[in-house]
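Listing of protein.txt; format and content: compact mmCIF, C-alpha atoms.
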# COMPACT_ATOMS: atom_id res chain seq x y z
CA MET Y 1 111.59 114.99 122.81
CA ALA Y 2 111.38 118.66 123.61
CA CYS Y 3 110.98 121.30 120.91
CA GLY Y 4 114.37 122.23 119.39
CA GLU Y 5 116.13 119.22 120.91
CA ARG Y 6 118.82 117.45 118.86
CA LEU Y 7 119.29 113.71 119.13
CA ILE Y 8 121.67 111.31 117.44
CA VAL Y 9 120.61 107.67 117.36
CA ALA Y 10 123.78 105.61 117.07
CA GLY Y 11 124.24 101.94 116.50
CA PRO Y 12 125.80 99.32 114.25
CA ASN Y 13 124.49 98.38 110.82
CA GLY Y 14 121.19 96.50 111.06
CA ALA Y 15 120.43 97.79 114.56
CA GLY Y 16 117.17 99.38 113.40
CA LYS Y 17 118.17 103.03 113.03
CA THR Y 18 116.68 103.58 109.57
CA THR Y 19 113.68 101.42 110.48
CA LEU Y 20 113.02 103.77 113.41
CA LEU Y 21 113.00 106.81 111.09
CA LYS Y 22 110.75 105.07 108.56
CA ALA Y 23 108.34 104.09 111.33
CA ILE Y 24 108.23 107.72 112.50
CA LEU Y 25 107.48 108.80 108.91
CA GLY Y 26 104.75 106.17 108.59
CA MET Y 27 106.56 104.39 105.75
CA MET Y 28 106.73 101.23 107.88
CA LYS Y 29 104.14 100.06 110.36
CA ALA Y 30 105.24 99.63 113.95
CA THR Y 31 104.69 96.03 115.04
CA ALA Y 32 103.74 97.16 118.56
CA GLY Y 33 103.03 100.39 120.41
CA ARG Y 34 102.10 103.81 119.11
CA ILE Y 35 104.24 106.61 117.71
CA LEU Y 36 103.20 110.16 118.52
CA VAL Y 37 104.72 112.87 116.34
CA LEU Y 38 103.83 116.55 116.87
CA GLY Y 39 100.69 115.46 118.70
CA HIS Y 40 99.48 113.15 115.91
CA ALA Y 41 99.53 109.36 116.06
CA VAL Y 42 101.46 108.03 113.05
CA GLY Y 43 99.07 106.34 110.63
CA SER Y 44 95.97 107.94 112.16
CA ARG Y 45 93.42 109.94 110.14
CA ASP Y 46 94.95 113.31 110.95
CA TRP Y 47 98.50 112.06 110.45
CA ALA Y 48 98.75 113.65 106.97
CA ARG Y 49 98.53 117.07 108.64
CA GLY Y 50 101.36 116.21 111.03
CA ARG Y 51 103.53 114.59 108.40
CA ARG Y 52 103.71 117.82 106.39
CA ARG Y 53 105.77 119.34 109.20
CA VAL Y 54 108.25 116.45 109.25
CA GLY Y 55 111.27 116.77 106.96
CA TYR Y 56 113.33 113.77 105.86
CA VAL Y 57 116.90 113.82 104.58
CA ASN Y 58 117.55 110.33 103.28
CA GLN Y 59 120.55 108.08 103.73
CA GLU Y 60 122.38 108.28 100.42
CA SER Y 61 122.61 111.09 97.98
CA VAL Y 62 119.90 110.01 95.58
CA GLN Y 63 121.30 108.57 92.37
CA VAL Y 64 119.37 110.26 89.60
CA ASP Y 65 120.18 109.67 85.95
CA PHE Y 66 117.57 111.97 84.47
CA PRO Y 67 117.55 115.74 84.08
CA VAL Y 68 116.49 117.53 87.26
CA SER Y 69 117.77 120.92 88.39
CA GLY Y 70 118.77 121.94 91.90
CA ARG Y 71 115.77 124.26 92.13
CA GLU Y 72 113.37 121.47 91.16
CA VAL Y 73 114.72 119.25 93.92
CA VAL Y 74 114.05 121.98 96.49
CA GLU Y 75 110.63 122.63 94.93
CA ILE Y 76 109.57 119.07 95.88
CA GLY Y 77 109.36 120.32 99.47
CA THR Y 78 106.51 122.62 98.44
CA SER Y 79 104.49 119.83 96.72
CA THR Y 80 101.67 119.71 99.20
CA LEU Y 81 101.69 123.34 100.32
CA ALA Y 82 98.86 125.60 99.23
CA LEU Y 83 101.06 128.39 97.88
CA GLY Y 84 100.66 130.74 94.95
CA ARG Y 85 103.34 130.80 92.27
CA ALA Y 86 105.11 133.90 93.61
CA GLU Y 87 104.91 132.72 97.19
CA ARG Y 88 106.27 129.31 96.23
CA LYS Y 89 109.15 130.89 94.34
CA GLN Y 90 109.98 133.13 97.28
CA ARG Y 91 109.93 130.20 99.72
CA ILE Y 92 112.28 128.18 97.51
CA GLU Y 93 114.71 131.10 97.07
CA GLU Y 94 114.71 131.88 100.79
CA GLU Y 95 115.42 128.32 101.88
CA MET Y 96 118.13 127.84 99.26
CA ALA Y 97 119.77 131.02 100.55
CA ALA Y 98 119.38 129.82 104.16
CA VAL Y 99 121.50 126.73 103.52
CA GLY Y 100 123.85 128.51 101.08
CA CYS Y 101 122.94 126.66 97.91
CA SER Y 102 121.33 129.41 95.79
CA HIS Y 103 124.14 128.99 93.25
CA LEU Y 104 122.97 125.40 92.61
CA ARG Y 105 119.57 126.58 91.32
CA GLY Y 106 120.20 125.84 87.64
CA ARG Y 107 122.76 123.07 88.05
CA MET Y 108 121.92 119.49 87.14
CA TYR Y 109 121.47 117.38 90.27
CA ALA Y 110 123.34 114.39 88.84
CA ARG Y 111 126.52 116.48 88.48
CA LEU Y 112 126.63 117.76 92.06
CA SER Y 113 128.90 116.57 94.87
CA GLY Y 114 127.56 114.69 97.89
CA GLY Y 115 127.76 117.82 100.08
CA GLU Y 116 125.89 119.93 97.51
CA LYS Y 117 123.16 117.29 97.21
CA GLN Y 118 122.74 117.19 100.99
CA LYS Y 119 122.36 120.98 101.09
CA LEU Y 120 119.60 120.76 98.48
CA SER Y 121 117.92 118.01 100.54
CA LEU Y 122 118.05 120.25 103.56
CA ALA Y 123 116.61 123.22 101.63
CA ARG Y 124 113.86 120.91 100.32
CA CYS Y 125 112.94 119.94 103.88
CA LEU Y 126 113.03 123.56 105.10
CA CYS Y 127 110.44 124.48 102.46
CA GLN Y 128 108.02 122.30 104.46
CA ASP Y 129 108.62 124.59 107.46
CA PRO Y 130 109.40 121.48 109.53
CA GLN Y 131 109.01 121.17 113.27
CA LEU Y 132 110.82 117.85 113.17
CA LEU Y 133 113.71 116.94 110.90
CA LEU Y 134 114.75 113.32 110.45
CA LEU Y 135 118.23 112.77 109.04
CA ASP Y 136 119.38 109.33 107.93
CA GLU Y 137 123.21 109.26 108.00
CA PRO Y 138 123.47 112.61 106.19
CA THR Y 139 127.24 112.75 106.56
CA SER Y 140 128.05 109.26 105.25
CA SER Y 141 129.22 110.41 101.81
CA LEU Y 142 130.86 113.68 102.89
CA ASP Y 143 134.50 114.63 103.34
CA PRO Y 144 135.53 115.95 106.81
CA ARG Y 145 135.18 119.63 105.84
CA SER Y 146 131.71 119.22 104.30
CA ARG Y 147 130.71 117.13 107.32
CA SER Y 148 131.71 119.91 109.75
CA GLU Y 149 129.91 122.52 107.63
CA LEU Y 150 126.72 120.45 107.56
CA MET Y 151 126.78 119.81 111.32
CA GLU Y 152 127.28 123.53 111.99
CA LEU Y 153 124.43 124.38 109.62
CA LEU Y 154 122.11 121.89 111.34
CA LYS Y 155 122.95 123.29 114.77
CA ASN Y 156 122.27 126.88 113.63
CA LEU Y 157 118.97 125.94 111.98
CA SER Y 158 117.84 124.02 115.02
CA GLU Y 159 118.63 126.95 117.33
CA LYS Y 160 117.22 129.70 115.09
CA ARG Y 161 114.03 127.93 114.04
CA ARG Y 162 113.53 125.64 117.04
CA ILE Y 163 113.49 122.56 114.82
CA THR Y 164 113.69 119.25 116.64
CA MET Y 165 116.20 116.97 114.94
CA VAL Y 166 116.72 113.22 115.03
CA MET Y 167 119.77 111.96 113.18
CA VAL Y 168 120.86 108.36 112.82
CA SER Y 169 124.56 107.84 112.36
CA HIS Y 170 127.53 105.62 113.08
CA ASP Y 171 130.04 108.24 112.01
CA ALA Y 172 132.61 108.57 114.83
CA GLN Y 173 133.21 112.28 114.16
CA VAL Y 174 129.50 113.05 114.30
CA LEU Y 175 129.12 111.09 117.55
CA SER Y 176 131.66 113.39 119.20
CA GLU Y 177 129.47 116.49 118.57
CA PRO Y 178 128.81 118.12 121.97
CA ALA Y 179 125.65 119.92 120.83
CA TRP Y 180 123.71 116.69 120.29
CA LYS Y 181 122.32 114.11 122.73
CA ILE Y 182 123.28 110.57 121.84
CA ARG Y 183 121.24 107.37 122.35
CA HIS Y 184 122.49 103.96 121.32
CA ILE Y 185 120.29 101.39 119.65
CA GLU Y 186 121.09 97.74 119.28
CA ALA Y 187 119.04 94.85 117.86
CA GLY Y 188 115.97 97.08 117.60
CA ALA Y 189 116.00 98.44 121.16
CA PHE Y 190 117.55 101.46 122.89
CA ALA Y 191 120.47 100.45 125.09
CA MET W 1 97.59 114.26 44.96
CA ASP W 2 98.68 117.51 46.57
CA MET W 3 98.71 118.01 50.30
CA VAL W 4 95.79 120.44 50.52
CA HIS W 5 93.48 118.14 48.58
CA ALA W 6 94.65 115.13 50.55
CA LEU W 7 93.82 116.82 53.85
CA ALA W 8 90.31 117.50 52.58
CA TYR W 9 89.61 113.78 52.89
CA PRO W 10 88.25 113.07 56.38
CA PRO W 11 90.28 109.88 57.01
CA ILE W 12 93.52 111.66 56.09
CA LEU W 13 92.63 114.77 58.11
CA ARG W 14 91.69 112.60 61.10
CA GLY W 15 94.99 110.73 60.79
CA PHE W 16 96.96 113.97 60.56
CA ILE W 17 95.26 115.51 63.61
CA ALA W 18 95.70 112.30 65.61
CA LEU W 19 99.38 112.06 64.66
CA VAL W 20 100.04 115.69 65.65
CA LEU W 21 98.22 115.30 68.97
CA ALA W 22 99.98 112.04 69.79
CA GLY W 23 103.33 113.46 68.66
CA CYS W 24 102.91 116.53 70.86
CA PHE W 25 101.69 114.92 74.05
CA PHE W 26 102.32 111.15 74.16
CA PRO W 27 106.09 111.67 74.64
CA LEU W 28 105.08 112.80 78.17
CA ALA W 29 104.18 109.14 78.78
CA GLY W 30 107.58 108.26 77.29
CA VAL W 31 109.23 110.36 80.00
CA PHE W 32 107.35 108.32 82.62
CA ILE W 33 108.44 105.06 80.95
CA LEU W 34 112.09 106.11 80.88
CA ARG W 35 112.24 107.48 84.41
CA LEU W 36 110.25 104.72 86.13
CA ASN W 37 111.90 102.00 84.05
CA LEU W 38 108.64 100.76 82.56
CA VAL W 39 110.08 99.47 79.27
CA THR W 40 109.04 95.88 80.07
CA LEU W 41 105.61 97.08 81.10
CA ARG W 42 105.25 98.65 77.67
CA PHE W 43 105.72 95.22 76.04
CA THR W 44 103.22 93.70 78.46
CA LEU W 45 100.67 96.33 77.46
CA MET W 46 101.26 95.60 73.78
CA HIS W 47 100.56 91.92 74.42
CA ALA W 48 97.52 92.73 76.55
CA ALA W 49 96.19 94.92 73.73
CA LEU W 50 96.69 92.01 71.32
CA LEU W 51 94.72 89.78 73.70
CA GLY W 52 92.03 92.45 73.87
CA ALA W 53 91.91 92.69 70.07
CA ALA W 54 91.51 88.91 69.83
CA VAL W 55 88.72 88.92 72.44
CA GLY W 56 87.09 91.91 70.69
CA LEU W 57 87.13 90.18 67.32
CA ALA W 58 85.74 86.99 68.87
CA LEU W 59 82.90 88.95 70.51
CA HIS W 60 82.39 91.37 67.58
CA VAL W 61 83.47 94.37 69.69
CA ASP W 62 85.77 97.19 68.47
CA PRO W 63 89.29 95.68 68.82
CA LEU W 64 90.77 99.04 69.89
CA LEU W 65 88.29 99.47 72.75
CA ALA W 66 88.74 95.84 73.78
CA GLY W 67 92.54 96.29 73.67
CA LEU W 68 92.26 99.47 75.71
CA ALA W 69 90.08 97.67 78.28
CA LEU W 70 92.55 94.78 78.57
CA ASP W 71 95.43 97.26 79.02
CA LEU W 72 93.58 98.91 81.89
CA VAL W 73 92.88 95.51 83.47
CA ALA W 74 96.58 94.60 83.13
CA ILE W 75 97.64 97.93 84.68
CA ALA W 76 95.24 97.49 87.60
CA ALA W 77 96.40 93.92 88.19
CA ILE W 78 100.12 94.74 87.96
CA SER W 79 99.92 97.78 90.25
CA ARG W 80 97.85 95.92 92.82
CA VAL W 81 100.14 92.88 92.91
CA ALA W 82 103.20 95.17 93.02
CA ARG W 83 101.75 97.11 95.97
CA GLU W 84 100.75 94.02 97.92
CA SER W 85 103.78 91.84 97.22
CA GLY W 86 106.49 94.48 97.04
CA LEU W 87 107.79 92.81 93.85
CA ALA W 88 109.43 95.01 91.23
CA LEU W 89 107.27 96.14 88.31
CA GLY W 90 109.79 94.61 85.88
CA TYR W 91 109.33 91.07 87.24
CA LEU W 92 105.55 91.35 87.32
CA SER W 93 105.46 92.86 83.83
CA THR W 94 107.42 89.91 82.46
CA PHE W 95 104.99 87.47 84.09
CA PHE W 96 101.94 89.28 82.71
CA MET W 97 103.59 89.66 79.30
CA VAL W 98 103.96 85.89 78.94
CA LEU W 99 100.49 85.26 80.39
CA THR W 100 98.69 87.67 78.05
CA ILE W 101 100.42 86.49 74.86
CA GLY W 102 99.64 82.87 75.85
CA LEU W 103 96.00 83.75 76.41
CA ALA W 104 95.89 85.71 73.13
CA PHE W 105 97.01 82.67 71.12
CA ALA W 106 94.51 80.47 72.99
CA VAL W 107 91.65 82.88 72.20
CA ILE W 108 92.71 83.18 68.54
CA TYR W 109 92.77 79.39 68.20
CA LYS W 110 89.65 78.54 70.20
CA ALA W 111 87.39 81.33 68.88
CA GLY W 112 88.55 80.87 65.30
CA VAL W 113 89.64 84.52 65.08
CA PRO W 114 91.59 85.16 61.86
CA ALA W 115 95.14 85.69 63.13
CA LYS W 116 95.70 88.29 60.40
CA ASP W 117 92.90 90.46 61.84
CA ALA W 118 94.06 90.09 65.44
CA PHE W 119 97.66 90.86 64.54
CA GLY W 120 96.46 93.84 62.52
CA ILE W 121 96.65 95.82 65.76
CA LEU W 122 100.43 95.36 65.66
CA TRP W 123 100.67 97.33 62.41
CA GLY W 124 98.11 100.11 62.98
CA SER W 125 97.01 102.60 60.35
CA ILE W 126 96.64 106.33 60.78
CA TYR W 127 94.15 106.50 57.91
CA ALA W 128 91.84 103.87 59.40
CA LEU W 129 91.01 105.84 62.54
CA SER W 130 87.38 106.32 63.45
CA ARG W 131 85.98 109.48 65.04
CA ILE W 132 85.90 107.65 68.37
CA ASP W 133 89.60 106.84 68.01
CA LEU W 134 90.35 110.51 67.38
CA VAL W 135 88.27 111.60 70.36
CA LEU W 136 90.11 109.08 72.55
CA ILE W 137 93.51 110.34 71.36
CA ALA W 138 92.46 113.99 71.92
CA GLY W 139 91.06 113.14 75.36
CA CYS W 140 94.19 111.25 76.40
CA SER W 141 96.41 114.10 75.10
CA ALA W 142 94.47 116.69 77.10
CA ALA W 143 94.39 114.55 80.24
CA ILE W 144 98.10 113.78 80.27
CA LEU W 145 98.96 117.45 79.58
CA LEU W 146 96.73 118.63 82.43
CA PHE W 147 98.12 115.97 84.75
CA VAL W 148 101.72 117.02 84.15
CA THR W 149 101.13 120.79 84.23
CA LEU W 150 98.68 121.01 87.15
CA LEU W 151 100.48 118.47 89.33
CA PHE W 152 104.02 119.13 88.10
CA THR W 153 105.68 119.38 91.52
CA ARG W 154 104.05 116.19 92.80
CA VAL W 155 104.72 114.30 89.58
CA SER W 156 108.37 115.38 89.57
CA ALA W 157 108.62 114.27 93.23
CA VAL W 158 107.44 110.77 92.25
CA LEU W 159 109.85 110.70 89.30
CA PHE W 160 112.70 111.94 91.51
CA HIS W 161 112.50 109.46 94.40
CA ARG W 162 109.66 107.39 95.82
CA GLU W 163 110.61 107.76 99.49
CA ILE W 164 111.25 111.48 99.23
CA ALA W 165 107.88 111.94 97.55
CA LEU W 166 106.21 110.01 100.37
CA ALA W 167 108.11 111.94 103.03
CA SER W 168 107.03 115.21 101.39
CA GLY W 169 103.38 114.21 101.81
CA VAL W 170 102.77 113.22 98.17
CA HIS W 171 100.33 110.35 97.54
CA GLU W 172 102.97 108.40 95.67
CA ALA W 173 100.94 105.21 95.16
CA ALA W 174 97.95 107.08 93.72
CA LEU W 175 100.11 109.17 91.37
CA THR W 176 102.05 106.10 90.22
CA SER W 177 98.73 104.37 89.43
CA VAL W 178 97.64 107.38 87.34
CA ILE W 179 101.01 107.38 85.55
CA LEU W 180 100.62 103.66 84.75
CA LEU W 181 97.10 104.35 83.51
CA PHE W 182 98.38 107.02 81.09
CA VAL W 183 101.11 104.70 79.84
CA GLY W 184 98.55 101.93 79.27
CA VAL W 185 96.12 104.17 77.37
CA ALA W 186 98.93 105.75 75.31
CA VAL W 187 100.28 102.33 74.31
CA ALA W 188 96.82 101.05 73.28
CA LEU W 189 96.06 104.18 71.22
CA LEU W 190 99.46 104.26 69.55
CA MET W 191 99.02 100.64 68.51
CA GLN W 192 95.95 101.69 66.57
CA LEU W 193 97.64 104.83 65.23
CA ILE W 194 101.05 103.65 64.01
CA GLY W 195 101.26 100.06 65.25
CA ALA W 196 103.09 98.29 68.05
CA LEU W 197 106.29 97.89 66.09
CA LEU W 198 106.78 101.61 65.42
CA MET W 199 105.12 103.24 68.43
CA ASP W 200 108.42 103.99 70.10
CA SER W 201 109.11 106.65 67.48
CA ILE W 202 106.41 108.74 69.19
CA LEU W 203 106.45 107.30 72.68
CA LEU W 204 110.10 106.77 73.56
CA LEU W 205 112.49 108.27 71.00
CA PRO W 206 111.51 111.92 71.67
CA ALA W 207 111.94 111.33 75.42
CA ILE W 208 115.31 109.64 74.88
CA ILE W 209 116.54 112.52 72.70
CA ALA W 210 115.26 115.06 75.25
CA SER W 211 117.03 113.24 78.11
CA PHE W 212 120.39 113.97 76.44
CA ARG W 213 119.66 117.67 75.99
CA ALA W 214 117.52 118.79 78.93
CA ARG W 215 118.98 120.20 82.14
CA SER W 216 115.79 120.16 84.18
CA THR W 217 112.63 118.05 84.51
CA ARG W 218 110.54 120.88 83.04
CA GLY W 219 112.93 121.05 80.09
CA PHE W 220 112.77 117.25 79.76
CA PHE W 221 108.98 117.29 79.40
CA VAL W 222 108.90 120.33 77.08
CA GLN W 223 111.69 119.12 74.80
CA ALA W 224 110.17 115.61 74.53
CA CYS W 225 106.91 117.23 73.35
CA VAL W 226 108.61 119.57 70.88
CA ILE W 227 110.74 116.78 69.40
CA GLY W 228 107.70 114.47 69.22
CA ALA W 229 105.67 117.17 67.45
CA PHE W 230 108.49 117.87 64.97
CA CYS W 231 109.00 114.17 64.16
CA SER W 232 105.29 113.43 63.69
CA ILE W 233 104.59 116.49 61.50
CA ALA W 234 107.77 116.11 59.47
CA GLY W 235 107.14 112.37 59.18
CA PHE W 236 103.60 112.93 57.90
CA PHE W 237 104.67 115.34 55.15
CA THR W 238 107.71 113.25 54.25
CA SER W 239 105.48 110.21 53.81
CA PHE W 240 103.46 112.18 51.25
CA ALA W 241 106.52 113.50 49.47
CA LEU W 242 108.24 110.12 49.24
CA ASP W 243 105.09 107.95 49.05
CA VAL W 244 106.04 105.79 52.04
CA PRO W 245 103.89 104.78 55.05
CA ALA W 246 103.50 107.65 57.56
CA SER W 247 104.51 105.44 60.50
CA SER W 248 107.79 104.52 58.78
CA ALA W 249 108.54 108.14 57.92
CA VAL W 250 107.90 109.30 61.51
CA THR W 251 110.16 106.56 62.85
CA VAL W 252 113.02 107.27 60.44
CA ILE W 253 112.89 111.01 61.18
CA ALA W 254 112.85 110.40 64.95
CA ALA W 255 115.79 107.98 64.67
CA TRP W 256 117.64 110.45 62.44
CA ARG W 257 117.19 113.21 65.03
CA LYS W 258 118.55 110.91 67.72
CA ALA W 259 121.58 110.07 65.57
For the structure just supplied, provide its representation as structure tokens.
Amino acid sequence: MACGERLIVAGPNGAGKTTLLKAILGMMKATAGRILVLGHAVGSRDWARGRRRVGYVNQESVQVDFPVSGREVVEIGTSTLALGRAERKQRIEEEMAAVGCSHLRGRMYARLSGGEKQKLSLARCLCQDPQLLLLDEPTSSLDPRSRSELMELLKNLSEKRRITMVMVSHDAQVLSEPAWKIRHIEAGAFA
Amino acid sequence: MDMVHALAYPPILRGFIALVLAGCFFPLAGVFILRLNLVTLRFTLMHAALLGAAVGLALHVDPLLAGLALDLVAIAAISRVARESGLALGYLSTFFMVLTIGLAFAVIYKAGVPAKDAFGILWGSIYALSRIDLVLIAGCSAAILLFVTLLFTRVSAVLFHREIALASGVHEAALTSVILLFVGVAVALLMQLIGALLMDSILLLPAIIASFRARSTRGFFVQACVIGAFCSIAGFFTSFALDVPASSAVTVIAAWRKA
């Protein structure tokens, strides 16, 4: 994929969409072949360096029944960055502002709506300064308005920051987005 | 006997210091237990410590150190099997819980260990702590505090969601192993301090109370420590005032705060 390209991987349940993302992230081993991400082979010695620039927005809004604030969720994206306290704080504030979720800073994650949780996930990924963003059905729990807002936000971020995006989805409204390329996957192979 | 004179006695002073340290910092391990659903693992570690005590008494080794060693072996075995098999920690903990208690009874019977001595580890006694016990409690308190404060963002990532932690570049497996290690050591030390039956007043109750009040993970950790410190100090002085065992007083005060 070219830098800044946006791709939707579509397919029915069980086709292998999430497996593909997890293989790209190195969470699952590919049974054959080699996956090259940002010039690094997944699972190789220098993969850790490449993985830091890969953001991952997971499938469901995470169900969390313990106290965690919106800011702390975004802060997770800075876990492995060598930043000072002030620099870290600035990065978190900037990325929360970029996705329009600064007001969620002190709110408890468990009490947020699906759309608000997805915005925090996105801000968390942006803290990693990603070159590649992997999105696993990010719109599945959103109402039509929140879905449109999120898709617009993703498009703007991709264009402004030249972030390559791979989204898996079987949401009909998302599949009609003209700004994204679409590839279909079925039984573990691209059609 | 007034309080000042009582604290002049080394065993009582050691017990007081140990109780304050454990009350302040061991609730951090309680937060791990609550969030990672390690309640069954806690029982397994209690049984492993009992097995260790039985082995220690049979071999004339300090039962606390033997219990601590068996807890570490159990933690290593459970985390390795969990990683390799993909089985949930809860299932594996139940298996090891039954295995260790079975082995403990076998050792007690075969080695002729007085059951009363082996089961003594279930009751604990804050006034029977040795200097080594106190050093171990202080060391564990310092280590767990440093772990949470220095690696807060990574630790909170692991507590938040395993996959997100991994995707953010956090060494989730290594951090989880360290967390299990802290839980194992805290359980073994608390068994010696206030006994297996009452350890939750320091380990879990402060974390449970904090989970109702806190609005952030930082607040969760801090409040668990503050509540644990309050309960242990108030429990210690109440035990003197009412002439009841310190462990019972700590537990009743912690439960009262929860209510």
Can you tell me which residues surround W:Ala6 at a distance of at most 12 Å, considering all atoms listed in the file, apart from same-chain residues fewer than 5 positions away, and format the answer as a list in words?
Met1, Pro11, Ile12, Leu13, Arg14, Gly15, Phe16, Tyr127, Phe236, Phe237 and Phe240 of chain W
If I take atom CA of W:Thr100 and atom CA of W:Thr44, how far is one from the other in Å, to one decimal?
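Spanning atom CA of W:Thr100 to atom CA of W:Thr44 is a straight-line distance of 7.6 Å.
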Name the closest residue to chain Y among the candidates W:Val81, W:Val113, W:Ala76, W:Val155; distances are taken between atoms, counting all atoms listed in the file.
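Result for the nearest residue to chain Y: W:Val155.
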For the point (104.6, 102.4, 63.0) in file coordinates, what residues are within 6 Å, counting all atoms listed in the file? Give the answer as a count of residues only?
7
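Nearest-residue note for chain Y: choosing from W:Leu180, W:Val31, W:Val244, W:Leu134, the minimum distance belongs to W:Val31, counting all atoms listed in the file.
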Neighbour list for Y:Cys101 as a ChimeraX atom specification, cut-off 9 Å, all atoms listed in the file, skip fewer than 6 positions in-chain
/Y:70,95,116,119-120,123
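If we count all atoms listed in the file, these residues of chain W sit within 9 Å of chain Y: Leu34, Arg35, Leu151, Phe152, Thr153, Arg154, Ser156, Ala157, Phe160, His161, Glu163, Ile164, Ala165, Leu166, Ala167, Ser168, Gly169, Val170, Ser211, Phe212, Arg213, Ala214, Arg215, Ser216, Thr217, Arg218, Gly219 and Phe220 of chain W.
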Determine, counting all atoms listed in the file, every residue of protein, DNA or RNA that lies within 10 Å of (130.2, 113.7, 108.5) in the file coordinates, then give the result as a list in words.
Gly115, Glu137, Pro138, Thr139, Ser140, Ser141, Leu142, Asp143, Pro144, Arg145, Ser146, Arg147, Ser148, Glu149, Leu150, Met151, Ser169, His170, Asp171, Ala172, Gln173, Val174 and Leu175 of chain Y
Give me the residues within 12 Å of Y:Leu157 as a count of residues only, counting all atoms listed in the file and dropping any in the same chain fewer than 6 places off.
20
Please report the interatomic distance between atom CA of Y:Cys3 and atom CA of Y:Glu159 in Å with one decimal.
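Atom CA of Y:Glu159 lies 10.2 Å from atom CA of Y:Cys3.
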What is the atom CA of W:Ala29 to atom CA of Y:Gln59 distance in Å?
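Separation of atom CA of W:Ala29 and atom CA of Y:Gln59: 29.9 Å.
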Got a sec: who's within 12 Å of W:Val226, counting all atoms listed in the file, leaving out chain neighbours fewer than 2 positions off, as a list in words?
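Non-adjacent residues within range: Val20, Leu21, Ala22, Gly23, Cys24, Phe25, Phe26, Pro27, Leu28, Ile202, Leu205, Pro206, Ala207, Ile209, Ala210, Gly219, Phe220, Phe221, Val222, Gln223, Ala224, Gly228, Ala229, Phe230, Cys231, Ser232, Ile233, Ala234 and Ala254 of chain W.
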So which residues touch W:Met191 within 7 Å, counting only C-alpha atoms, skipping near sequence neighbours fewer than 4 positions away, as an MDAnalysis selection string?
chainID W and resid 121:122 124 187 195:196 199
Mind writing the picked residues with C-alpha atoms as a tab-separated table (two decimals), keeping the file's coordinate frame?
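Here's the written file out.tsv:
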chain	number	residue	atom	x	y	z
W	121	ILE	CA	96.65	95.82	65.76
W	122	LEU	CA	100.43	95.36	65.66
W	124	GLY	CA	98.11	100.11	62.98
W	187	VAL	CA	100.28	102.33	74.31
W	195	GLY	CA	101.26	100.06	65.25
W	196	ALA	CA	103.09	98.29	68.05
W	199	MET	CA	105.12	103.24	68.43
